[in-house]
Each structure stands twice: as C-alpha cells, then as structure tokens.
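Asker: Dropping a structure here in structure tokens format, bear with me for questions.
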There are 2 protein chains.
Amino acid sequence: MKRLETMKELVFQNDSKILYWVFDGIGGLPHPESGKTELETANTPALDAFARRSSCGGLRPYGAGITPGSGPGHLALFGYPLDEFDLPRGVLEVLGADGAYRNGEWVGAVDPEPGDLAMRGNFASLDTVDGQTVVADRRASRIATEESRRVCEQLSRQLAVEGYELYVFPGKEHRFALLIRGPGLAGGLTDSDPQKSGIPPNKVEAQHPGAEKAASLVNDIIAQATEILDGEPAAHTTLMRGIGCAPDIPSLQELYGIRAAAIATYPMYRGIARLLGMDIIDVDGMSHEAEVRALEENFDKYDFFYLHIKETDSVAHKGDFDAKVEIFESCDPLFERATELDFDVIALTGDHCTPCVLGDHSWHPIPTALWSKTVLNGGVESFDERQVQRGTLGTVASRDLLPLALAEAQRFNKFGA
Amino acid sequence: MKRLETMKELVFQNDSKILYWVFDGIGGLPHPESGKTELETANTPALDAFARRSSCGGLRPYGAGITPGSGPGHLALFGYPLDEFDLPRGVLEVLGADGAYRNGEWVGAVDPEPGDLAMRGNFASLDTVDGQTVVADRRASRIATEESRRVCEQLSRQLAVEGYELYVFPGKEHRFALLIRGPGLAGGLTDSDPQKSGIPPNKVEAQHPGAEKAASLVNDIIAQATEILDGEPAAHTTLMRGIGCAPDIPSLQELYGIRAAAIATYPMYRGIARLLGMDIIDVDGMSHEAEVRALEENFDKYDFFYLHIKETDSVAHKGDFDAKVEIFESCDPLFERATELDFDVIALTGDHCTPCVLGDHSWHPIPTALWSKTVLNGGVESFDERQVQRGTLGTVASRDLLPLALAEAQRFNKFGA
C-alpha cells in the first residue's frame with residue numbers, strides 16, 4: 001500500500017482528461033500459416049498512427065508467466081496491487097449478472113458491498129447409492145434457463161437466514177449466483193462442488209478461523225436449498241464454488257481525485273468499474289459505435305474514461321482469428337473518433353492477452369500505447385505485439401499504467417524536494 | 001514467498017518437456033581490438049537460427065548492477081527468490097567436493113541436508129610472537145594436495161563432538177571443507193580466518209542468538225584441530241570461513257510438479273541440482289557431446305532438463321577470449337542436436353555473464369532465448385549480447401525465466417477469474 005499512499009499524497013486535480021481504450025484480450029500470437037499475429041494482420045491505420053506518436057510497450061498484470069483472469073487484469077490496469085486486492089470469482093459472477101431475486105421479487109442489478117459474500121452456484125441432481133447421497137449430475141441435466149430462473153425465484157422466496165439478506169442471481173442453464181449480505185462474513189471458504197459426480201457434495205470449510213461463521217451459514221443455506229428443491233425433477237441441490245467477499249477497495253476518486261466513468265456493454269465490466277467507484281455511462285445498445293457516441297456525449301462530465309471493447313476477447317476464446325482481426329479493423333475508425341476529442345492522455349491497452357491460437361487468456365505482455373500531448377514517442381511503426389516491444393515504454397507492470405497516465409496528465413506533484 | 005505460493009497453486013501437470021541449456025558465464029563484452037563480443041565473434045548458425053525463432057532478452061539474477069556467484073546465479077535461474085533462499089559459500093564448497101572422510105573412512109560425495117552447517121577451511125601455519133599465537137601463513141606453505149588429504153583423513157578420525165557427525169572434504173593444496181550434521185545448528189557466524197598473517201585467528205562469533213551454539217561448536221572443533229595437528233610441519237590449524245547452513249529449499253517437484261534432471265560434468269552444479277530435488281543423470285566422461293548424448297538417452301524420463309556447460313566460464317575466468325568463442329562454436333551443432341528432440345520449450349541461457357575482458361563474473365543481463373511451439377519471436381537476427389536486447393523478452397529477472405518456461409509449456413492455470 002506504501003506506493004498507493006505515496007501516489008495519493010502526490011496527486012492533485014487539474015482539468016486534464018484521460019481515456020483508457022481497453023480491447024479485452026488485446027494481444028495475440030502468430031497465425032501458424034502467415035506467421036503474423038492478429039494485430040499484425042489487421043489493417044488499422046488509426047491505431048498505427050497513434051502508436052507512432054505514443055510511448056509503446058507491454059504490460060504484465062502479475063509478473064512473468066502468470067495469466068490473469070478478467071478480475072486481476074482489470075484491477076492491475078487501474079493501478080491496484082494484486083497481492084492486496086482480490087476479486088473472487090463469485091463476486092465477478094454477481095457483477096456480471098443481469099440482476100437478482102430477493103424474497104421472491106426481482107430487484108435488478110445488485111452492487112456487492114464490502115463484506116458481502118458472493119458465490120457461483122450450479123443446480124445439480126442427487127442420487128442415493130448404497131444409502132449415501134451422491135451427486136448424480138453436476139449440471140442438473142442442463143436444466144433450461146427459464147426453469148433455472150423459476151427455481152432461483154423460488155429459492156429467493158423460501159431461503160431465510162435471520163439477520164441476513166439473500167440475493168439469488170439466475171444465470172444460463174444450471175448456473176446461478178448467490179450473494180449474502182450481513183455482519184461477520186468472510187472469504188476463505190472451500191467449494192461444496194466436488195467437481196465430479198458419483199461422490200457426495202463437500203461441506204464448505206473455513207480456511208481460517210475468521211471464516212467459520214460464513215462457512216456454517218453457507219452450509220445451512222445449501223441444506224435449506226436441498227429441502228426447498230425436494231420434488232424438483234433435476235435441480236435437487238446447489239453446488240457452490242468461488243466463494244469470496246467483495247473487497248473493500250478504495251475508489252479511483254479517493255485515490256487520485258479523478259471523476260471516472262465507464263463505458264462498457266457487458267455487465268461484468270460495468271460491475272468492476274462500479275466497484276472501483278466509477279460512474280456507469282449508459283450505452284444505447286451493444287455496438288462499439290454506440291460506446292464511442294456515449295464517450296463523445298459525456299466528454300465534458302468526467303476526468304477519466306474507461307471504454308471497454310469486449311468482443312476481441314470473446315472471439316479469441318473461440319479461436320476465431322479472422323473475427324478478431326475484423327473487430328480491430330472495424331474499431332479503427334471509432335478509435336480515431338475518440339482521439340479527435342480533446343483528451344490530454346490516451347492509453348490504448350488491454351486487461352490481458354487472448355491469442356486465438358491458444359483460445360484462452362495468456363501471460364504475454366499486453367500491447368500498449370500511451371499518448372499524451374508531451375509523450376516521448378519513438379521506435380514503433382505500427383501497433384502490434386512485436387512492434388510495441390521496441391517502444392519507449394518497455395515492459396512494465398500493468399499497475400504502472402495509471403500512474404504513468406496521471407503523470408502524463410501532469411496530475412502528480414514532485415516526490416520529495 | 002507470495003509469488004512462489006501463487007505459482008504453486010496455479011501450476012498443473014501435463015506431458016510437456018522443457019530444456020534449460022545453460023552456458024556458464026555465457027555473456028561477454030567487446031574485445032578491445034575487434035569491438036565484438038564473444039558471442040558476436042563466434043560462428044554459431046544453430047544458436048542464431050534458434051534466436052530468430054525465439055523470444056530473446058536478458059536476465060538479471062539480482063537486480064541491476066549486482067554480480068552473482070554461481071550459487072545465486074543458479075538459484076535465480078530456477079526461480080528461487082534470492083532474498084529468501086541462500087547458498088552459503090561453505091555449502092557450495094561441499095557440493096563441489098569429490099567426497100569426504102568420516103571417522104577416518106572415505107564416504108564419497110555427501111549431500112548437505114537442511115540444517116547441516118558447512119564451511120570452507122584453510123590449513124594455516126601458526127607462530128608465537130611476543131607470547132601470542134598468530135597466523136604465520138594462511139596457506140600452510142601451500143601444502144601439497146596429497147599431504148592435505150592425509151591431514152583431512154586424520155582430522156576426520158580424531159575430531160569428535162558428541163551427538164554430531166563430522167565430514168571433512170579434502171580440496172586442492174591447503175583448501176578443505178567441513179560439514180557438521182546434528183541438532184540445533186544455524187548459520188550467521190563470522191569467519192575465523194583473519195584474512196592476513198601476523199595476527200591471531202579470530203574467534204567464530206554468532207551474529208544472532210540462535211547461532212551461539214553453532215559458534216561454540218565450531219570454535220571447539222578448531223581448538224581440537226589445532227591440538228590434533230600439533231607436530232605437523234606446516235598445517236598447524238584450520239581457518240574457517242563462509243560458514244552457513246544448507247537451506248531448506250522446496251524442490252522443483254514440490255513447487256511445480258515437474259520431474260527434473262540435471263546433466264552436468266562438474267560436482268558443484270550436480271550438487272546444486274540435487275539440492276533443488278533434481279535427479280542427476282550420469283554423463284560418460286566430461287565432453288559436451290556426452291552431455292547431449294545423456295540428454296537424448298534420458299529424454300523420455302523427465303519433464304525438465306538442466307544441461308550445464310561449464311567451460312565457457314572457466315576459460316573466461318582466464319581471460320581467454322578465443323577459447324570461449326571456440327566453445328560456443330563446438331557446442332553449436334550439439335545444441336542443434338538437443339533442439340531436434342521433441343521439446344515443447346527450450347531456454348538457451350546462463351547463470352551469469354563472465355566477460356573475458358573482465359576475467360570474472362559480471363552484472364550484465366544474461367543473453368537468453370526462450371523458444372516454445374507458440375512463442376512470440378522477433379527482433380533478433382543472431383544470438384549475441386547486443387541482438388538479444390531487441391527481442392520480445394526484454395530485460396527480466398532471472399527468476400522470471402522458469403515461470404515463463406512453465407507458461408510456454410502451458411503448465412499454469414489462470415490467476416483469478
């Protein structure tokens with residue numbers, strides 16, 4: 001925290017404006033036939049011109065060789081040290097959900113508050129073998145989404161723990177999420193999901209004494225759910241995993257005095273942004289053009305914008321090299337429109353790499369171009385995975401990008417005299 | 001340890017195979033006449049081709065400006081944080097010895113176990129000046145190696161400390177090493193060697209309370225040795241230095257689940273490898289060709305191979321530029337043979353640099369090329385000290401190489417969700 005505190009002391013406000021343009025899963029690897037990466041293949045004159053006038057390099061979210069999930073990738077990108085702040089999978093799930101039922105009522109999106117305990121759930125089928133209850137199907141025959149939604153509503157109506165609020169978030173098919181709000185909760189709990197069928201569900205266990213109350217509460221909820229679901233054709237119980245507390249995380253406003261806003265079409269990224277204290281700007285539909293329009297329309301209202309393009313990651317997870325190339329190309333003129341606004345600092349970057357040849361996130365440095373009105377550019381002809389390595393930014397930690405952006409925005413006082 | 005623990009949690013096993021090809025003292029500096037470094041001078045088509053398809057850069061064992069010995073150089077290369085793990089000089093000496101005497105018997109090589117106390121020794125001549133015993137010759141007139149061996153055997157027969165095993169390792173001329181095995185030992189002891197003649201030997205002192213027992217034990221052994229050696233023509237006493245405990249170091253198997261093996265012709269490197277839990281593969285003789293043959297013959301048996309070429313360092317210590325160039329050239333086709341095995345990841349690297357113009361280890365980034373089946377190569381035309389700096393690896397910590405190699409071998413799960 002020392003560095004965060006030092007930065008907090010040094011920062012001051014001015015009227016500069018900063019844009020983070022985040023292509024999710026931005027970086028790739030060579031296509032086996034062409035030997036060219038996704039960014040090398042894409043025809044992106046605006047990105048390339050931007051890279052030439054920027055300081056380029058690569059970001060490492062959590063050191064060499066470590067592949068981050070979206071949570072750590074974003075936390076690092078916004079300057080948070082990953083050894084001190086964590087976004088448990090259950091919290092991400094809740095952030096990414098459309099909304100939740102509480103006491104049988106649809107209450108819409110729920111923002112996790114510090115201390116809330118969140119978890120992912122599967123509806124699962126049970127069976128009795130030799131007098132023992134075992135998991136027969138971890139996915140309850142992939143129960144239909146509408147069925148699952150009904151079960152979530154029912155659970156939310158009947159589950160009850162004195163002194164606690166319970167929120168049930170329906171997901172696709174057998175998936176859902178649960179959030180518990182109330183005193184004395186803690187993360188550090190094992191999964192109840194045994195990850196295979198034919199054996200009994202696990203008891204949730206506390207990994208430290210402070211989590212024992214939370215463990216017994218979750219076990220109680222699972223037992224209640226199993227009773228409530230008695231008679232359901234397939235969804236006989238709930239298997240819980242990724243259980244963790246929403247972090248008490250200082251906002252960007254608290255740390256750096258910036259009014260920050262997020263432009264993102266997917267719930268999870270809006271959720272992460274809200275958790276970091278950003279305002280969420282409404283986007284009219286799901287198009288990238290709509291995201292840029294929202295940026296233009298709200299330009300005057302904030303100091304810092306986080307604009308998130310999800311699809312570069314989604315298609316890369318499917319291994320669709322051409323689709324990723326096309327998204328870069330279709331976003332190229334949109335990015336140019338964004339640069340035509342009167343920003344003082346623009347970072348073109350990502351939360352992690354998702355090379356199509358791997359079909360998953362990777363550990364590679366995240367191609368990044370940082371531009372400001374006084375940046376030291378050089379060394380780079382185009383914006384791609386190889387070229388950026390020759391830039392003046394070098395390979396740095398993801399969490400260094402925000403301090404660099406604030407510095408380029410001249411928002412830091414001198415450290416010492 | 002946080003990062004080591006995170007990696008341990010993320011790692012999983014697959015059937016990938018990794019090779020570390022380690023040229024000891026790999027990196028050099030320009031020859032004053034040609035202006036070319038050793039690697040720039042050497043004609044190494046296989047190394048160069050390998051570099052072109054690899055991610056190249058430089059490794060720093062312990063941050064900028066710090067020159068590592070062989071112990072730290074290797075520990076860092078295998079991913080161990082040097083602030084937490086240490087190989088005291090005495091332990092390295094024991095690891096590098098052919099073997100030891102115990103109770104007057106030759107017992108061959110001895111593997112230091114965690115908690116063993118090891119130290120280097122010199123036989124020294126004493127004199128009495130003004131009634132005070134002083135060191136007359138720190139090297140006992142450079143007593144002949146055979147004589148020294150006899151003295152070691154005698155010491156091992158007569159030294160006795162209740163409850164402890166003592167091992168005496170003969171070395172060249174006046175040099176030897178001593179290992180004490182038993183309860184309650186600790187490092188953090190000063191040398192008894194005063195480093196000059198004409199003054200008395202120092203008492204060994206504990207640098208922290210936990211080392212007081214060990215200090216008095218070593219002082220007792222020195223006093224016993226001085227009595228035993230009474231009547232020897234030159235070796236009147238033993239001067240001790242580099243005293244330290246063998247570290248309790250988690251093995252590569254424990255940390256990363258890899259079955260690791262070492263191919264090295266010099267005892268010290270085999271010893272370090274054993275300490276890290278590697279199996280030692282027998283090499284038929286001292287030739288580099290025999291090392292590669294051992295690699296080929298054992299390819300199926302391990303996940304990870306460490307192949308060590310010592311002579312690039314040995315000749316560089318003598319300042320023999322041409323000899324170092326020749327070793328690179330003669331190893332070039334051998335390296336190519338190694339690359340023809342079905343490895344998934346190969347790192348061509350070193351433990352430190354030993355530029356011939358310095359005749360000693362140096363602090364320069366260690367030229368390194370990391371190849372995998374999906375690596376992002378680029379920027380490099382040949383494998384040499386200057387070219388590698390243009391590669392996609394950049395300058396990273398030595399301890400980052402193993403995580404990167406494991407990542408390229410796809411042996412890590414995602415960090416966070």
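By order of appearance in the structure tokens: chains A, B, ..., then residues from 1 within every chain, and ligands from 1 in the order shown.
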Distance table requested - range 284-354 of chain B against range 258-263 of chain B, cut-off 10 Å, only C-alpha atoms: one row per qualifying residue with the closest atom pair and its distance in Å to one decimal, ordered by chain and rising residue number, as a tab-separated table.

Answerer:
residue	atom	partner	partner_atom	distance
B:His288	CA	B:Ile263	CA	10.0
B:Ala290	CA	B:Ile263	CA	9.6
B:Glu291	CA	B:Ile263	CA	6.2
B:Val292	CA	B:Ile263	CA	8.5
B:Ala294	CA	B:Ile263	CA	7.3
B:Leu295	CA	B:Ile263	CA	7.3
B:Asn298	CA	B:Ala261	CA	9.1
B:Phe299	CA	B:Ala261	CA	9.9
B:Lys301	CA	B:Arg259	CA	8.2
B:Tyr302	CA	B:Arg259	CA	5.2
B:Asp303	CA	B:Arg259	CA	5.2
B:Phe304	CA	B:Ala260	CA	4.6
B:Phe305	CA	B:Ala261	CA	5.0
B:Tyr306	CA	B:Ala262	CA	4.7
B:Leu307	CA	B:Ile263	CA	4.7
B:His308	CA	B:Ile263	CA	6.2
B:Ile309	CA	B:Ile263	CA	9.0

Asker: Which residues come within 12 Å of Pro233 in chain A, counting only C-alpha atoms, excluding same-chain residues fewer than 3 positions away, as a PyMOL selection string?

Answerer: chain A and resi 123-127+140-144+147-148+151+229-230+236-237

Asker: For C-alpha atoms, I'd like the residues from the last selection saved as a short mmCIF file (atom, residue, chain, number, x, y, z; two decimals), in the first residue's frame.

Answerer:
data_model
loop_
_atom_site.label_atom_id
_atom_site.label_comp_id
_atom_site.auth_asym_id
_atom_site.auth_seq_id
_atom_site.Cartn_x
_atom_site.Cartn_y
_atom_site.Cartn_z
CA PHE A 123 -28.04 -26.70 -9.74
CA ALA A 124 -27.22 -30.39 -9.52
CA SER A 125 -29.05 -33.72 -9.41
CA LEU A 126 -28.59 -36.07 -6.48
CA ASP A 127 -28.94 -39.81 -6.21
CA ALA A 140 -28.97 -31.00 -13.31
CA SER A 141 -29.34 -32.28 -16.89
CA ARG A 142 -28.51 -28.75 -18.05
CA ILE A 143 -31.86 -27.54 -16.85
CA ALA A 144 -33.41 -24.93 -19.20
CA GLU A 147 -36.64 -23.41 -15.45
CA SER A 148 -33.49 -22.36 -13.62
CA VAL A 151 -36.01 -22.19 -9.26
CA LEU A 229 -35.85 -28.23 -4.02
CA ASP A 230 -37.29 -31.57 -2.84
CA HIS A 236 -32.08 -31.30 -6.32
CA THR A 237 -29.41 -29.21 -4.66
#

Asker: Give me, as a ChimeraX atom specification, the contact residues of chain B against chain A at a cut-off of 8 Å, counting only C-alpha atoms.

Answerer: /B:2,7,374-379,390-392,394,400-401,403-408,412-417

Asker: May I ask for the distance between CA of Met278 in chain A and CA of Phe78 in chain A, given in Å to one decimal place?

Answerer: 11.1 Å

Asker: Please provide as a list in words all residues within 12 Å of Glu289 in chain A, with the sequence filter that same-chain residues fewer than 3 positions apart are discarded (counting only C-alpha atoms).

Answerer: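 Result of the neighbour search: Ile263, Ala264, Thr265, Val283, Asp284, Gly285, Met286, Val292, Arg293, Ala294, Leu295, Glu296, Leu307, His308, Ile309, Ile327, Ser330, Cys331, Asp332, Pro333, Leu334, Phe335, Glu336, Arg337 and Ala338 of chain A.
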
Asker: Between CA of Arg149 in chain A and CA of Gly171 in chain A, what is the distance, to one decimal in Å?

Answerer: 7.5 Å

Asker: Report the residues of range 6-216 of chain B whose backbone DSSP state falls under alpha helix (DSSP H), written as a PyMOL selection string.

Answerer: chain B and resi 6-10+38-41+45-52+70-77+89-96+145-158+212-216

Asker: Could the residues in this selection be written to a file with C-alpha atoms, as a PDB file, in the first residue's frame?

Answerer:
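Result written to selection.pdb:
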ATOM      1  CA  THR B   6       0.693 -18.311  -6.037  1.00  0.00           C
ATOM      2  CA  MET B   7       2.608 -20.159  -8.734  1.00  0.00           C
ATOM      3  CA  LYS B   8       2.472 -23.367  -6.732  1.00  0.00           C
ATOM      4  CA  GLU B   9      -1.305 -23.026  -6.553  1.00  0.00           C
ATOM      5  CA  LEU B  10      -1.664 -22.294 -10.261  1.00  0.00           C
ATOM      6  CA  GLU B  38      32.452 -13.397 -27.626  1.00  0.00           C
ATOM      7  CA  LEU B  39      29.004 -14.363 -28.947  1.00  0.00           C
ATOM      8  CA  GLU B  40      29.271 -11.835 -31.784  1.00  0.00           C
ATOM      9  CA  THR B  41      32.607 -13.325 -32.758  1.00  0.00           C
ATOM     10  CA  PRO B  45      24.470 -20.806 -37.056  1.00  0.00           C
ATOM     11  CA  ALA B  46      22.325 -23.068 -34.856  1.00  0.00           C
ATOM     12  CA  LEU B  47      22.247 -20.651 -31.921  1.00  0.00           C
ATOM     13  CA  ASP B  48      21.451 -17.805 -34.316  1.00  0.00           C
ATOM     14  CA  ALA B  49      18.619 -19.667 -36.045  1.00  0.00           C
ATOM     15  CA  PHE B  50      17.256 -20.618 -32.649  1.00  0.00           C
ATOM     16  CA  ALA B  51      17.358 -16.973 -31.527  1.00  0.00           C
ATOM     17  CA  ARG B  52      15.412 -15.909 -34.621  1.00  0.00           C
ATOM     18  CA  SER B  70      27.336 -19.428  -9.160  1.00  0.00           C
ATOM     19  CA  GLY B  71      25.027 -20.229  -6.254  1.00  0.00           C
ATOM     20  CA  PRO B  72      22.725 -17.208  -6.539  1.00  0.00           C
ATOM     21  CA  GLY B  73      23.021 -17.319 -10.329  1.00  0.00           C
ATOM     22  CA  HIS B  74      21.619 -20.834 -10.403  1.00  0.00           C
ATOM     23  CA  LEU B  75      19.034 -20.357  -7.658  1.00  0.00           C
ATOM     24  CA  ALA B  76      17.621 -17.372  -9.547  1.00  0.00           C
ATOM     25  CA  LEU B  77      17.622 -19.270 -12.830  1.00  0.00           C
ATOM     26  CA  ARG B  89      29.808 -20.471   0.272  1.00  0.00           C
ATOM     27  CA  GLY B  90      30.620 -23.359   2.618  1.00  0.00           C
ATOM     28  CA  VAL B  91      27.634 -25.303   1.291  1.00  0.00           C
ATOM     29  CA  LEU B  92      28.721 -24.707  -2.312  1.00  0.00           C
ATOM     30  CA  GLU B  93      32.198 -25.942  -1.422  1.00  0.00           C
ATOM     31  CA  VAL B  94      30.761 -29.155  -0.007  1.00  0.00           C
ATOM     32  CA  LEU B  95      28.502 -29.549  -3.050  1.00  0.00           C
ATOM     33  CA  GLY B  96      31.523 -29.151  -5.304  1.00  0.00           C
ATOM     34  CA  THR B 145      47.267 -31.723  -2.126  1.00  0.00           C
ATOM     35  CA  GLU B 146      48.225 -35.269  -1.068  1.00  0.00           C
ATOM     36  CA  GLU B 147      49.545 -34.035   2.248  1.00  0.00           C
ATOM     37  CA  SER B 148      46.415 -32.038   2.790  1.00  0.00           C
ATOM     38  CA  ARG B 149      44.336 -35.115   2.036  1.00  0.00           C
ATOM     39  CA  ARG B 150      46.222 -37.090   4.658  1.00  0.00           C
ATOM     40  CA  VAL B 151      45.614 -34.330   7.195  1.00  0.00           C
ATOM     41  CA  CYS B 152      41.893 -34.316   6.341  1.00  0.00           C
ATOM     42  CA  GLU B 153      41.693 -38.081   6.884  1.00  0.00           C
ATOM     43  CA  GLN B 154      43.478 -37.720  10.222  1.00  0.00           C
ATOM     44  CA  LEU B 155      41.222 -34.886  11.356  1.00  0.00           C
ATOM     45  CA  SER B 156      38.124 -36.861  10.441  1.00  0.00           C
ATOM     46  CA  ARG B 157      39.432 -39.768  12.560  1.00  0.00           C
ATOM     47  CA  GLN B 158      40.216 -37.741  15.644  1.00  0.00           C
ATOM     48  CA  GLU B 212      25.542 -19.231  19.574  1.00  0.00           C
ATOM     49  CA  LYS B 213      25.530 -22.993  19.954  1.00  0.00           C
ATOM     50  CA  ALA B 214      26.899 -23.400  16.428  1.00  0.00           C
ATOM     51  CA  ALA B 215      29.601 -20.789  17.104  1.00  0.00           C
ATOM     52  CA  SER B 216      30.848 -22.530  20.224  1.00  0.00           C
TER      53      SER B 216
END

Asker: Kindly give the distance, in Å, that separates CA of Ala160 in chain B and CA of His208 in chain B, rounded to a single decimal.

Answerer: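 Between these atoms lies a distance of 25.4 Å.
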
Asker: Can you list, as a PDB file with N, CA and C atoms, in the first residue's frame, all residues belonging to range 59-152 of chain B that DSSP tags as strand (DSSP E or B)?

Answerer:
ATOM      1  N   LEU B  59      18.608 -11.616 -18.777  1.00  0.00           N
ATOM      2  CA  LEU B  59      18.175 -11.927 -17.409  1.00  0.00           C
ATOM      3  C   LEU B  59      19.057 -11.209 -16.393  1.00  0.00           C
ATOM      4  N   ARG B  60      18.431 -10.728 -15.351  1.00  0.00           N
ATOM      5  CA  ARG B  60      19.169 -10.132 -14.239  1.00  0.00           C
ATOM      6  C   ARG B  60      18.989 -11.010 -13.005  1.00  0.00           C
ATOM      7  N   ALA B 100      34.117 -36.985   0.979  1.00  0.00           N
ATOM      8  CA  ALA B 100      34.561 -36.601   2.317  1.00  0.00           C
ATOM      9  C   ALA B 100      35.030 -37.825   3.096  1.00  0.00           C
ATOM     10  N   TYR B 101      35.824 -37.531   4.127  1.00  0.00           N
ATOM     11  CA  TYR B 101      36.164 -38.532   5.143  1.00  0.00           C
ATOM     12  C   TYR B 101      35.242 -38.364   6.330  1.00  0.00           C
ATOM     13  N   ARG B 102      34.837 -39.525   6.886  1.00  0.00           N
ATOM     14  CA  ARG B 102      34.117 -39.502   8.154  1.00  0.00           C
ATOM     15  C   ARG B 102      34.705 -40.597   9.040  1.00  0.00           C
ATOM     16  N   GLU B 105      37.151 -42.757   7.426  1.00  0.00           N
ATOM     17  CA  GLU B 105      36.758 -43.541   6.246  1.00  0.00           C
ATOM     18  C   GLU B 105      36.326 -42.617   5.114  1.00  0.00           C
ATOM     19  N   TRP B 106      36.689 -42.972   3.895  1.00  0.00           N
ATOM     20  CA  TRP B 106      36.223 -42.229   2.722  1.00  0.00           C
ATOM     21  C   TRP B 106      34.770 -42.617   2.445  1.00  0.00           C
ATOM     22  N   VAL B 107      33.874 -41.641   2.449  1.00  0.00           N
ATOM     23  CA  VAL B 107      32.453 -41.970   2.257  1.00  0.00           C
ATOM     24  C   VAL B 107      31.911 -41.430   0.936  1.00  0.00           C
ATOM     25  N   GLY B 108      32.787 -40.841   0.111  1.00  0.00           N
ATOM     26  CA  GLY B 108      32.324 -40.314  -1.179  1.00  0.00           C
ATOM     27  C   GLY B 108      31.529 -39.032  -0.992  1.00  0.00           C
ATOM     28  N   LEU B 117      25.609 -27.695   8.891  1.00  0.00           N
ATOM     29  CA  LEU B 117      26.443 -26.494   8.884  1.00  0.00           C
ATOM     30  C   LEU B 117      27.710 -26.798   8.095  1.00  0.00           C
ATOM     31  N   ALA B 118      27.969 -25.998   7.070  1.00  0.00           N
ATOM     32  CA  ALA B 118      29.109 -26.254   6.192  1.00  0.00           C
ATOM     33  C   ALA B 118      30.024 -25.039   6.165  1.00  0.00           C
ATOM     34  N   MET B 119      31.310 -25.280   5.925  1.00  0.00           N
ATOM     35  CA  MET B 119      32.263 -24.158   5.876  1.00  0.00           C
ATOM     36  C   MET B 119      33.471 -24.533   5.041  1.00  0.00           C
ATOM     37  N   ARG B 120      34.109 -23.511   4.520  1.00  0.00           N
ATOM     38  CA  ARG B 120      35.388 -23.708   3.850  1.00  0.00           C
ATOM     39  C   ARG B 120      36.485 -23.625   4.903  1.00  0.00           C
ATOM     40  N   GLY B 121      37.571 -24.334   4.652  1.00  0.00           N
ATOM     41  CA  GLY B 121      38.706 -24.240   5.562  1.00  0.00           C
ATOM     42  C   GLY B 121      40.002 -24.058   4.799  1.00  0.00           C
ATOM     43  N   ASN B 122      40.946 -23.413   5.432  1.00  0.00           N
ATOM     44  CA  ASN B 122      42.341 -23.379   5.002  1.00  0.00           C
ATOM     45  C   ASN B 122      43.170 -24.033   6.101  1.00  0.00           C
ATOM     46  N   PHE B 123      44.139 -24.860   5.718  1.00  0.00           N
ATOM     47  CA  PHE B 123      45.179 -25.196   6.693  1.00  0.00           C
ATOM     48  C   PHE B 123      46.147 -24.030   6.739  1.00  0.00           C
ATOM     49  N   ALA B 124      46.563 -23.656   7.959  1.00  0.00           N
ATOM     50  CA  ALA B 124      47.422 -22.475   8.122  1.00  0.00           C
ATOM     51  C   ALA B 124      48.537 -22.789   9.109  1.00  0.00           C
ATOM     52  N   SER B 125      49.639 -22.059   8.948  1.00  0.00           N
ATOM     53  CA  SER B 125      50.758 -22.188   9.891  1.00  0.00           C
ATOM     54  C   SER B 125      50.638 -21.132  10.970  1.00  0.00           C
ATOM     55  N   LEU B 126      51.010 -21.520  12.175  1.00  0.00           N
ATOM     56  CA  LEU B 126      50.969 -20.591  13.306  1.00  0.00           C
ATOM     57  C   LEU B 126      52.394 -20.271  13.758  1.00  0.00           C
ATOM     58  N   ASP B 127      52.504 -19.201  14.500  1.00  0.00           N
ATOM     59  CA  ASP B 127      53.789 -18.822  15.085  1.00  0.00           C
ATOM     60  C   ASP B 127      53.484 -18.151  16.425  1.00  0.00           C
ATOM     61  N   THR B 128      54.504 -18.079  17.267  1.00  0.00           N
ATOM     62  CA  THR B 128      54.308 -17.372  18.527  1.00  0.00           C
ATOM     63  C   THR B 128      55.153 -16.113  18.501  1.00  0.00           C
ATOM     64  N   VAL B 129      54.497 -14.982  18.632  1.00  0.00           N
ATOM     65  CA  VAL B 129      55.196 -13.696  18.611  1.00  0.00           C
ATOM     66  C   VAL B 129      54.832 -12.973  19.907  1.00  0.00           C
ATOM     67  N   GLN B 132      52.218 -14.447  21.901  1.00  0.00           N
ATOM     68  CA  GLN B 132      50.876 -14.541  21.319  1.00  0.00           C
ATOM     69  C   GLN B 132      50.912 -15.444  20.087  1.00  0.00           C
ATOM     70  N   THR B 133      49.886 -16.287  19.953  1.00  0.00           N
ATOM     71  CA  THR B 133      49.796 -17.163  18.781  1.00  0.00           C
ATOM     72  C   THR B 133      49.201 -16.379  17.623  1.00  0.00           C
ATOM     73  N   VAL B 134      49.968 -16.306  16.538  1.00  0.00           N
ATOM     74  CA  VAL B 134      49.474 -15.564  15.365  1.00  0.00           C
ATOM     75  C   VAL B 134      49.551 -16.452  14.134  1.00  0.00           C
ATOM     76  N   VAL B 135      48.831 -16.063  13.101  1.00  0.00           N
ATOM     77  CA  VAL B 135      48.882 -16.771  11.824  1.00  0.00           C
ATOM     78  C   VAL B 135      50.190 -16.390  11.126  1.00  0.00           C
ATOM     79  N   ALA B 136      50.987 -17.421  10.812  1.00  0.00           N
ATOM     80  CA  ALA B 136      52.255 -17.158  10.126  1.00  0.00           C
ATOM     81  C   ALA B 136      52.058 -17.240   8.605  1.00  0.00           C
ATOM     82  N   ASP B 137      51.255 -18.213   8.183  1.00  0.00           N
ATOM     83  CA  ASP B 137      50.993 -18.383   6.736  1.00  0.00           C
ATOM     84  C   ASP B 137      49.578 -18.911   6.592  1.00  0.00           C
TER      85      ASP B 137
END

Asker: Need to verify the contact set: Gly182 in chain A, 12 Å, only C-alpha atoms, exclusion of same-chain residues closer than 5 positions in sequence. Can you return it as a PyMOL selection string?

Answerer: chain A and resi 112-118+161-167+213-214+217+245

Asker: So, counting only C-alpha atoms, which residue among A:Thr190, A:Phe343, A:Leu275, A:Thr354 is closest to Thr312 in chain A?

Answerer: A:Thr354
